[in-house]
$ cat start08.txt   # compact mmCIF, C-alpha atoms and all ligand atoms
# COMPACT_ATOMS: atom_id res chain seq x y z
CA MET A 1 50.25 57.79 58.98
CA LYS A 2 47.96 54.81 58.88
CA THR A 3 46.99 53.59 55.43
CA THR A 4 43.37 52.49 55.48
CA ALA A 5 42.14 49.06 54.47
CA ILE A 6 40.34 50.58 51.49
CA ARG A 7 43.40 52.43 50.24
CA LYS A 8 45.32 49.16 50.12
CA GLN A 9 42.66 47.73 47.80
CA MET A 10 42.08 50.66 45.49
CA THR A 11 44.10 53.63 44.31
CA ILE A 12 41.13 55.52 42.87
CA HIS A 13 39.21 57.67 45.36
CA PRO A 14 35.70 56.23 45.92
CA GLU A 15 34.02 59.57 45.16
CA VAL A 16 35.99 59.92 41.93
CA MET A 17 34.96 56.38 41.05
CA ASP A 18 31.31 57.40 41.51
CA VAL A 19 31.51 60.42 39.19
CA LEU A 20 33.51 58.42 36.63
CA ASN A 21 30.80 55.76 36.64
CA GLU A 22 28.29 58.53 35.89
CA GLN A 23 30.60 59.65 33.09
CA ILE A 24 30.58 56.12 31.62
CA ALA A 25 26.79 56.28 31.53
CA MET A 26 26.94 59.65 29.80
CA GLU A 27 29.42 58.45 27.14
CA MET A 28 27.30 55.35 26.47
CA HIS A 29 24.22 57.53 26.18
CA ALA A 30 26.08 59.79 23.75
CA SER A 31 27.04 56.71 21.76
CA ALA A 32 23.42 55.53 21.57
CA SER A 33 22.30 59.01 20.64
CA TYR A 34 24.82 59.24 17.76
CA LEU A 35 23.66 55.84 16.58
CA ALA A 36 20.11 57.18 16.32
CA MET A 37 21.42 60.13 14.31
CA ALA A 38 23.39 57.79 12.04
CA SER A 39 20.24 55.82 11.34
CA TRP A 40 18.28 58.96 10.43
CA CYS A 41 21.03 59.96 7.98
CA ASP A 42 21.46 56.41 6.64
CA GLN A 43 17.75 56.15 5.80
CA ARG A 44 17.93 59.45 3.90
CA GLU A 45 21.09 58.53 1.95
CA LEU A 46 23.10 61.32 3.54
CA LEU A 47 26.32 59.40 3.05
CA ASN A 48 28.90 61.62 4.69
CA SER A 49 26.77 62.41 7.70
CA LYS A 50 25.82 58.78 8.11
CA SER A 51 29.43 57.61 8.30
CA PHE A 52 30.29 60.59 10.50
CA PHE A 53 27.67 59.58 13.09
CA TYR A 54 28.47 55.85 12.94
CA LYS A 55 32.05 56.83 13.66
CA GLN A 56 30.98 59.16 16.49
CA ALA A 57 28.91 56.37 18.03
CA GLU A 58 31.96 54.11 18.02
CA GLU A 59 34.21 56.81 19.44
CA GLU A 60 31.87 57.53 22.35
CA ARG A 61 31.83 53.86 23.21
CA GLU A 62 35.63 53.88 23.16
CA HIS A 63 35.61 56.82 25.58
CA ALA A 64 33.31 54.89 27.91
CA MET A 65 35.59 51.84 27.71
CA LYS A 66 38.65 53.93 28.45
CA ILE A 67 37.07 55.10 31.71
CA PHE A 68 35.65 51.64 32.41
CA GLU A 69 39.08 50.01 32.25
CA PHE A 70 40.70 52.84 34.19
CA ILE A 71 38.32 52.33 37.13
CA ASN A 72 38.86 48.58 37.26
CA ASP A 73 42.63 48.90 36.80
CA ALA A 74 42.66 51.25 39.78
CA GLY A 75 40.98 48.63 41.97
CA GLY A 76 37.50 50.13 41.74
CA ALA A 77 34.25 48.73 40.36
CA ALA A 78 33.15 49.93 36.93
CA VAL A 79 29.41 49.71 36.41
CA SER A 80 27.80 48.83 33.08
CA PRO A 81 25.20 51.58 32.77
CA GLU A 82 21.54 51.63 31.85
CA VAL A 83 20.97 53.64 28.71
CA HIS A 84 17.53 55.12 28.29
CA ASN A 85 15.72 58.10 26.75
CA VAL A 86 17.49 57.86 23.42
CA ASN A 87 15.88 60.28 20.98
CA ASN A 88 15.27 58.89 17.48
CA ASP A 89 13.11 61.74 16.29
CA PHE A 90 14.71 64.64 14.43
CA GLU A 91 13.48 67.62 12.44
CA SER A 92 16.35 68.07 10.03
CA LEU A 93 20.03 67.43 9.43
CA ARG A 94 20.86 70.80 10.93
CA ASP A 95 18.80 69.89 13.99
CA ILE A 96 20.94 66.77 14.37
CA TYR A 97 24.20 68.70 14.31
CA GLU A 98 22.82 71.31 16.71
CA ARG A 99 21.84 68.56 19.14
CA SER A 100 25.31 67.04 18.71
CA LEU A 101 26.97 70.28 19.71
CA GLU A 102 24.69 70.60 22.71
CA GLN A 103 25.46 67.01 23.71
CA GLU A 104 29.21 67.61 23.43
CA ILE A 105 28.94 70.75 25.57
CA ASN A 106 27.14 68.75 28.26
CA VAL A 107 29.80 66.04 28.11
CA THR A 108 32.50 68.70 28.48
CA GLN A 109 30.80 70.13 31.56
CA SER A 110 30.54 66.66 33.02
CA ILE A 111 34.24 65.96 32.37
CA TYR A 112 35.05 69.20 34.19
CA LYS A 113 32.97 67.98 37.12
CA CYS A 114 35.02 64.76 37.30
CA PHE A 115 38.24 66.74 36.99
CA LYS A 116 37.22 69.06 39.83
CA LYS A 117 36.28 66.10 42.01
CA ALA A 118 39.65 64.40 41.41
CA ARG A 119 41.45 67.62 42.22
CA SER A 120 39.41 68.29 45.37
CA VAL A 121 40.26 64.90 46.89
CA ASP A 122 43.91 64.90 45.70
CA ASP A 123 43.43 61.95 43.36
CA TYR A 124 46.30 62.94 41.05
CA ALA A 125 46.25 59.80 38.93
CA SER A 126 42.61 60.35 38.00
CA GLU A 127 43.24 64.02 37.36
CA LEU A 128 46.01 63.18 34.90
CA PHE A 129 43.84 60.52 33.27
CA LEU A 130 41.08 63.09 32.78
CA GLN A 131 43.38 65.56 31.03
CA TRP A 132 43.12 63.54 27.83
CA PHE A 133 39.33 63.93 27.95
CA VAL A 134 39.55 67.68 28.52
CA ASN A 135 41.59 68.03 25.30
CA GLU A 136 39.37 65.59 23.42
CA GLN A 137 36.29 67.66 24.26
CA VAL A 138 37.87 70.83 22.86
CA GLU A 139 38.27 68.99 19.53
CA GLU A 140 34.79 67.47 19.59
CA GLU A 141 33.12 70.81 20.20
CA ASP A 142 35.25 72.46 17.52
CA THR A 143 34.26 69.81 14.93
CA MET A 144 30.55 70.37 15.58
CA ARG A 145 30.92 74.14 15.42
CA SER A 146 32.73 74.03 12.07
CA ILE A 147 29.99 71.79 10.65
CA LEU A 148 27.33 74.24 11.78
CA ASP A 149 29.35 76.98 10.02
CA VAL A 150 29.01 75.03 6.76
CA PHE A 151 25.23 74.99 7.23
CA ASP A 152 25.26 78.77 7.68
CA LEU A 153 27.39 79.28 4.56
CA MET A 154 25.30 76.95 2.40
CA GLU A 155 21.88 77.99 3.61
CA GLY A 156 19.19 77.27 1.04
CA MET A 157 21.26 74.68 -0.86
CA PRO A 158 19.90 71.13 -1.37
CA LEU A 159 20.51 68.82 1.61
CA LYS A 160 22.62 66.33 -0.37
CA MET A 161 24.93 69.08 -1.59
CA ILE A 162 25.47 70.22 1.97
CA ASP A 163 26.10 66.65 3.07
CA GLU A 164 28.79 66.29 0.39
CA ARG A 165 30.70 69.17 1.99
CA LEU A 166 30.63 67.60 5.46
CA PRO A 167 33.33 65.40 7.03
CA LYS A 168 32.94 61.60 7.02
CA GLU A 169 34.60 61.27 10.38
CA MET B 1 15.89 61.61 67.36
CA ASN B 2 19.19 59.99 66.53
CA VAL B 3 18.24 57.02 64.39
CA ASN B 4 21.82 55.80 64.07
CA ALA B 5 22.34 55.54 67.80
CA LEU B 6 19.30 53.31 68.07
CA VAL B 7 20.20 50.81 65.40
CA GLU B 8 23.95 51.08 65.16
CA PRO B 9 24.70 47.74 66.82
CA ALA B 10 22.35 46.04 64.34
CA ILE B 11 24.68 46.19 61.34
CA GLN B 12 28.43 46.30 61.49
CA LEU B 13 31.24 46.13 59.03
CA GLN B 14 34.76 45.06 59.93
CA GLU B 15 38.00 44.35 58.16
CA ILE B 16 39.14 40.83 59.10
CA THR B 17 42.18 40.34 56.90
CA PHE B 18 43.80 42.19 54.00
CA CYS B 19 41.05 41.26 51.58
CA LYS B 20 38.24 39.90 53.76
CA TYR B 21 35.51 41.96 55.33
CA GLN B 22 32.73 40.90 57.63
CA LEU B 23 29.21 42.25 57.59
CA THR B 24 27.35 41.48 60.79
CA THR B 25 23.58 41.83 60.72
CA VAL B 26 21.04 40.90 63.39
CA ASN B 27 21.14 37.22 62.48
CA LYS B 28 24.02 36.73 60.05
CA ASN B 29 27.77 36.97 59.75
CA ILE B 30 28.64 37.46 56.13
CA VAL B 31 32.21 37.38 54.86
CA LEU B 32 32.81 39.68 51.90
CA THR B 33 35.68 39.96 49.47
CA PHE B 34 36.68 43.44 48.34
CA PRO B 35 34.78 43.30 45.02
CA GLN B 36 31.72 42.10 46.95
CA LEU B 37 32.12 45.01 49.35
CA LEU B 38 32.29 47.44 46.41
CA GLN B 39 29.13 45.90 44.96
CA LEU B 40 27.39 46.27 48.31
CA ARG B 41 28.42 49.94 48.40
CA THR B 42 27.03 50.48 44.89
CA ASN B 43 23.72 48.76 45.75
CA ILE B 44 23.29 50.58 49.05
CA ASN B 45 24.08 53.96 47.49
CA LYS B 46 21.43 53.28 44.86
CA LEU B 47 18.84 52.26 47.47
CA GLY B 48 19.77 55.12 49.78
CA THR B 49 19.00 58.04 47.47
CA HIS B 50 16.16 60.33 48.51
CA ASP B 51 13.87 59.14 45.70
CA SER B 52 14.57 55.49 46.35
CA VAL B 53 13.93 55.81 50.10
CA CYS B 54 10.61 57.59 49.43
CA ASP B 55 9.73 54.83 47.01
CA ILE B 56 10.48 52.13 49.60
CA ILE B 57 8.39 53.94 52.23
CA ASP B 58 5.48 54.22 49.80
CA ASN B 59 5.62 50.50 49.07
CA ASP B 60 6.78 47.68 51.38
CA ASN B 61 8.75 49.83 53.82
CA PHE B 62 11.62 47.36 53.59
CA VAL B 63 14.04 45.96 51.00
CA LEU B 64 15.60 42.58 50.43
CA LEU B 65 19.14 42.84 49.19
CA PHE B 66 21.45 40.17 47.80
CA VAL B 67 25.00 40.36 49.12
CA ALA B 68 28.26 38.44 48.60
CA ASP B 69 27.58 37.47 44.97
CA LYS B 70 23.99 36.52 45.80
CA GLN B 71 25.00 33.99 48.44
CA HIS B 72 23.04 35.86 51.10
CA LEU B 73 19.83 37.80 51.19
CA ILE B 74 19.48 40.48 53.86
CA TYR B 75 16.38 42.24 55.09
CA LEU B 76 16.66 45.97 55.64
CA ASP B 77 14.02 48.31 57.01
CA ILE B 78 14.56 52.03 56.49
CA PRO B 79 16.60 52.70 59.67
CA GLN B 80 18.77 49.67 58.92
CA LEU B 81 19.24 50.74 55.33
CA LEU B 82 20.31 54.25 56.36
CA SER B 83 22.51 52.88 59.08
CA LEU B 84 24.25 50.52 56.67
CA LYS B 85 24.70 53.37 54.21
CA ASN B 86 26.38 55.44 56.94
CA THR B 87 28.54 52.52 58.01
CA ILE B 88 29.77 51.94 54.46
CA ASP B 89 30.29 55.67 53.90
CA SER B 90 32.46 55.96 56.95
CA PHE B 91 34.26 52.76 56.02
CA PHE B 92 35.25 54.35 52.72
CA SER B 93 35.68 57.91 54.00
CA PRO B 94 39.07 57.75 55.72
CA PHE B 95 40.51 57.12 52.28
CA LYS B 96 43.70 59.13 52.26
CA SER B 97 46.34 59.67 49.69
CA VAL B 98 49.73 58.18 50.65
CA LEU B 99 51.09 61.70 50.77
CA PHE B 100 49.52 62.42 54.13
FE FE A 201 33.07 61.30 24.55
$ encode --input "start08.txt" --output "structure tokens"
Amino acid sequence: MKTTAIRKQMTIHPEVMDVLNEQIAMEMHASASYLAMASWCDQRELLNSKSFFYKQAEEEREHAMKIFEFINDAGGAAVSPEVHNVNNDFESLRDIYERSLEQEINVTQSIYKCFKKARSVDDYASELFLQWFVNEQVEEEDTMRSILDVFDLMEGMPLKMIDERLPKE
Amino acid sequence: MNVNALVEPAIQLQEITFCKYQLTTVNKNIVLTFPQLLQLRTNINKLGTHDSVCDIIDNDNFVLLFVADKQHLIYLDIPQLLSLKNTIDSFFSPFKSVLF
């Protein structure tokens, strides 16, 4: 078998690198989006929700960095993404958590897409790397769902009382 | 019409040594390192999307592209752009896992 010139330079498959770069953009967008939510909560003195979303914003950036470093460590080229269309306009606290769940579901689907790509081109290292993200997404979605359950249970209660029952991180 | 057959000799990409690559255009020989080659691939893939090509056709009908860490500027009309995209694609396509 002849190893190609490209394979000697990079271990990550170029097509996997492309979808992972898209994933970086998605994680950075999620981070920016959570930051907008944190600001909405911060301005309304919703203390638990505010720290929850600041934390989420940080975590999403960490996810992006994890992928960023993985690509470069594997000999590829990580791309610092453009982040646009960040929504800063929300109807209510519940609306924010509903959007968060929707965002997490989209991220999960996108992780699956990367995973499938890695598997289809036999890029085992990337597939293993992505397993952590698959598990992480199960947790993220679960957190958002449990918060929405609290909203259902406490329907009609004052917003600040609901906020006091929500996790800080 | 086979566009590639017409312009293929115009732009070529070769591996010279382990980490040096050469891009040959109509009037230039440009030596690229591997990170520069990856950057070229990223830029060409961005320019070569359907929307971007339509956009180029609607405007100047050509693009100027910096290569090799902005040391060179190359002129690409649409056939050259598509040809270069194909060349780079095929350069990266025989990527095989060591298992095979
Ligand atoms: Fe994430």
$ closest_residue --input "start08.txt" --among "B:Asn45, B:Asn61, B:Asn86, B:Asn29" --to "chain A" --atoms "all atoms listed in the file"
B:Asn45
$ residues_near_ligand --input "start08.txt" --ligand "ligand FE 201 (chain A)" --cutoff "10 Å" --atoms "only C-alpha atoms and all ligand atoms" --output "PDB file with C-alpha atoms, in the coordinates of the input"
ATOM      1  CA  GLN A  23      30.600  59.650  33.090  1.00  0.00           C
ATOM      2  CA  ILE A  24      30.580  56.120  31.620  1.00  0.00           C
ATOM      3  CA  MET A  26      26.940  59.650  29.800  1.00  0.00           C
ATOM      4  CA  GLU A  27      29.420  58.450  27.140  1.00  0.00           C
ATOM      5  CA  MET A  28      27.300  55.350  26.470  1.00  0.00           C
ATOM      6  CA  HIS A  29      24.220  57.530  26.180  1.00  0.00           C
ATOM      7  CA  ALA A  30      26.080  59.790  23.750  1.00  0.00           C
ATOM      8  CA  SER A  31      27.040  56.710  21.760  1.00  0.00           C
ATOM      9  CA  GLN A  56      30.980  59.160  16.490  1.00  0.00           C
ATOM     10  CA  ALA A  57      28.910  56.370  18.030  1.00  0.00           C
ATOM     11  CA  GLU A  58      31.960  54.110  18.020  1.00  0.00           C
ATOM     12  CA  GLU A  59      34.210  56.810  19.440  1.00  0.00           C
ATOM     13  CA  GLU A  60      31.870  57.530  22.350  1.00  0.00           C
ATOM     14  CA  ARG A  61      31.830  53.860  23.210  1.00  0.00           C
ATOM     15  CA  GLU A  62      35.630  53.880  23.160  1.00  0.00           C
ATOM     16  CA  HIS A  63      35.610  56.820  25.580  1.00  0.00           C
ATOM     17  CA  ALA A  64      33.310  54.890  27.910  1.00  0.00           C
ATOM     18  CA  GLN A 103      25.460  67.010  23.710  1.00  0.00           C
ATOM     19  CA  GLU A 104      29.210  67.610  23.430  1.00  0.00           C
ATOM     20  CA  VAL A 107      29.800  66.040  28.110  1.00  0.00           C
ATOM     21  CA  THR A 108      32.500  68.700  28.480  1.00  0.00           C
ATOM     22  CA  ILE A 111      34.240  65.960  32.370  1.00  0.00           C
ATOM     23  CA  PHE A 133      39.330  63.930  27.950  1.00  0.00           C
ATOM     24  CA  VAL A 134      39.550  67.680  28.520  1.00  0.00           C
ATOM     25  CA  GLU A 136      39.370  65.590  23.420  1.00  0.00           C
ATOM     26  CA  GLN A 137      36.290  67.660  24.260  1.00  0.00           C
ATOM     27  CA  GLU A 140      34.790  67.470  19.590  1.00  0.00           C
TER      28      GLU A 140
END
$ closest_residue --input "start08.txt" --among "B:Tyr75, B:Phe91, B:Phe62, B:Phe34" --to "Gln14 in chain B" --atoms "only C-alpha atoms"
B:Phe91
$ closest_residue --input "start08.txt" --among "A:Asp122, A:Glu139, A:Asp163, A:Glu155" --to "chain B" --atoms "all atoms listed in the file"
A:Asp122
$ atom_distance --input "start08.txt" --atom1 "CA of Asn27 in chain B" --atom2 "CA of Leu65 in chain B"
14.6 Å
$ atom_distance --input "start08.txt" --atom1 "CA of Ala10 in chain B" --atom2 "CA of Thr25 in chain B"
5.7 Å
$ atom_distance --input "start08.txt" --atom1 "CA of Asp89 in chain B" --atom2 "CA of Cys114 in chain A"
19.5 Å
$ residues_around --input "start08.txt" --residues "Ala5 in chain A" --least-positions-apart "5" --cutoff "12 Å" --atoms "only C-alpha atoms" --output "list in words"
Met10 and Thr11 of chain A; Gln14, Glu15, Ile16, Thr17, Phe18, Cys19, Lys20, Tyr21, Phe34, Leu37, Phe91, Phe92, Ser93, Pro94, Phe95 and Lys96 of chain B
$ residues_around --input "start08.txt" --residues "Leu40 in chain B" --least-positions-apart "5" --cutoff "10 Å" --atoms "all atoms listed in the file" --output "PDB file with C-alpha atoms, in the coordinates of the input"
ATOM      1  CA  LEU B  32      32.810  39.680  51.900  1.00  0.00           C
ATOM      2  CA  PHE B  34      36.680  43.440  48.340  1.00  0.00           C
ATOM      3  CA  PRO B  35      34.780  43.300  45.020  1.00  0.00           C
ATOM      4  CA  ASN B  45      24.080  53.960  47.490  1.00  0.00           C
ATOM      5  CA  LYS B  46      21.430  53.280  44.860  1.00  0.00           C
ATOM      6  CA  LEU B  65      19.140  42.840  49.190  1.00  0.00           C
ATOM      7  CA  PHE B  66      21.450  40.170  47.800  1.00  0.00           C
ATOM      8  CA  VAL B  67      25.000  40.360  49.120  1.00  0.00           C
ATOM      9  CA  ALA B  68      28.260  38.440  48.600  1.00  0.00           C
ATOM     10  CA  ASP B  69      27.580  37.470  44.970  1.00  0.00           C
ATOM     11  CA  LEU B  84      24.250  50.520  56.670  1.00  0.00           C
ATOM     12  CA  LYS B  85      24.700  53.370  54.210  1.00  0.00           C
ATOM     13  CA  ILE B  88      29.770  51.940  54.460  1.00  0.00           C
TER      14      ILE B  88
END
$ residues_around --input "start08.txt" --residues "Arg99 in chain A" --least-positions-apart "4" --cutoff "10 Å" --atoms "all atoms listed in the file" --output "PDB file with C-alpha atoms, in the frame of the given file"
ATOM      1  CA  SER A  33      22.300  59.010  20.640  1.00  0.00           C
ATOM      2  CA  TYR A  34      24.820  59.240  17.760  1.00  0.00           C
ATOM      3  CA  MET A  37      21.420  60.130  14.310  1.00  0.00           C
ATOM      4  CA  PHE A  90      14.710  64.640  14.430  1.00  0.00           C
ATOM      5  CA  LEU A  93      20.030  67.430   9.430  1.00  0.00           C
ATOM      6  CA  ARG A  94      20.860  70.800  10.930  1.00  0.00           C
ATOM      7  CA  ASP A  95      18.800  69.890  13.990  1.00  0.00           C
ATOM      8  CA  GLN A 103      25.460  67.010  23.710  1.00  0.00           C
ATOM      9  CA  GLU A 104      29.210  67.610  23.430  1.00  0.00           C
ATOM     10  CA  ILE A 105      28.940  70.750  25.570  1.00  0.00           C
ATOM     11  CA  MET A 144      30.550  70.370  15.580  1.00  0.00           C
TER      12      MET A 144
END
$ interface_residues --input "start08.txt" --of "chain A" --to "chain B" --cutoff "8 Å" --atoms "only C-alpha atoms" --output "number ranges by chain"
A: 1, 3-7, 9, 13-14, 76-77, 122-123
$ residues_around --input "start08.txt" --residues "Leu159 in chain A" --least-positions-apart "6" --cutoff "12 Å" --atoms "only C-alpha atoms" --output "list in words"
Cys41, Arg44, Glu45, Leu46, Leu47, Asn48, Ser49, Ser92, Leu93, Arg94, Val150, Phe151, Arg165 and Leu166 of chain A
$ axis_aligned_box --input "start08.txt" --around "range 147-150 of chain A" --padding-each-side "8 Å" --output "JSON"
{"center_x": 28.7, "center_y": 74.4, "center_z": 9.3, "size_x": 18.7, "size_y": 21.2, "size_z": 21.0}
$ residues_near_point --input "start08.txt" --point "(35.2, 59.6, 42.1)" --cutoff "9 Å" --atoms "all atoms listed in the file" --output "PyMOL selection string"
chain A and resi 12-21+114+117-118+121+123+126
$ closest_residue --input "start08.txt" --among "A:Phe68, A:Phe52, A:Phe115, A:Trp40" --to "Asn88 in chain A" --atoms "only C-alpha atoms"
A:Trp40
$ closest_residue --input "start08.txt" --among "A:Pro167, A:Ser110, A:Lys50, A:Gly75" --to "Ile96 in chain A" --atoms "all atoms listed in the file"
A:Lys50
$ closest_residue --input "start08.txt" --among "B:Asn43, B:Asp55, B:Val63, B:Leu73" --to "Ile30 in chain B" --atoms "all atoms listed in the file"
B:Leu73
$ residues_around --input "start08.txt" --residues "His84 in chain A" --least-positions-apart "2" --cutoff "9 Å" --atoms "all atoms listed in the file" --output "list in words"
His29, Ala32, Glu82 and Val86 of chain A
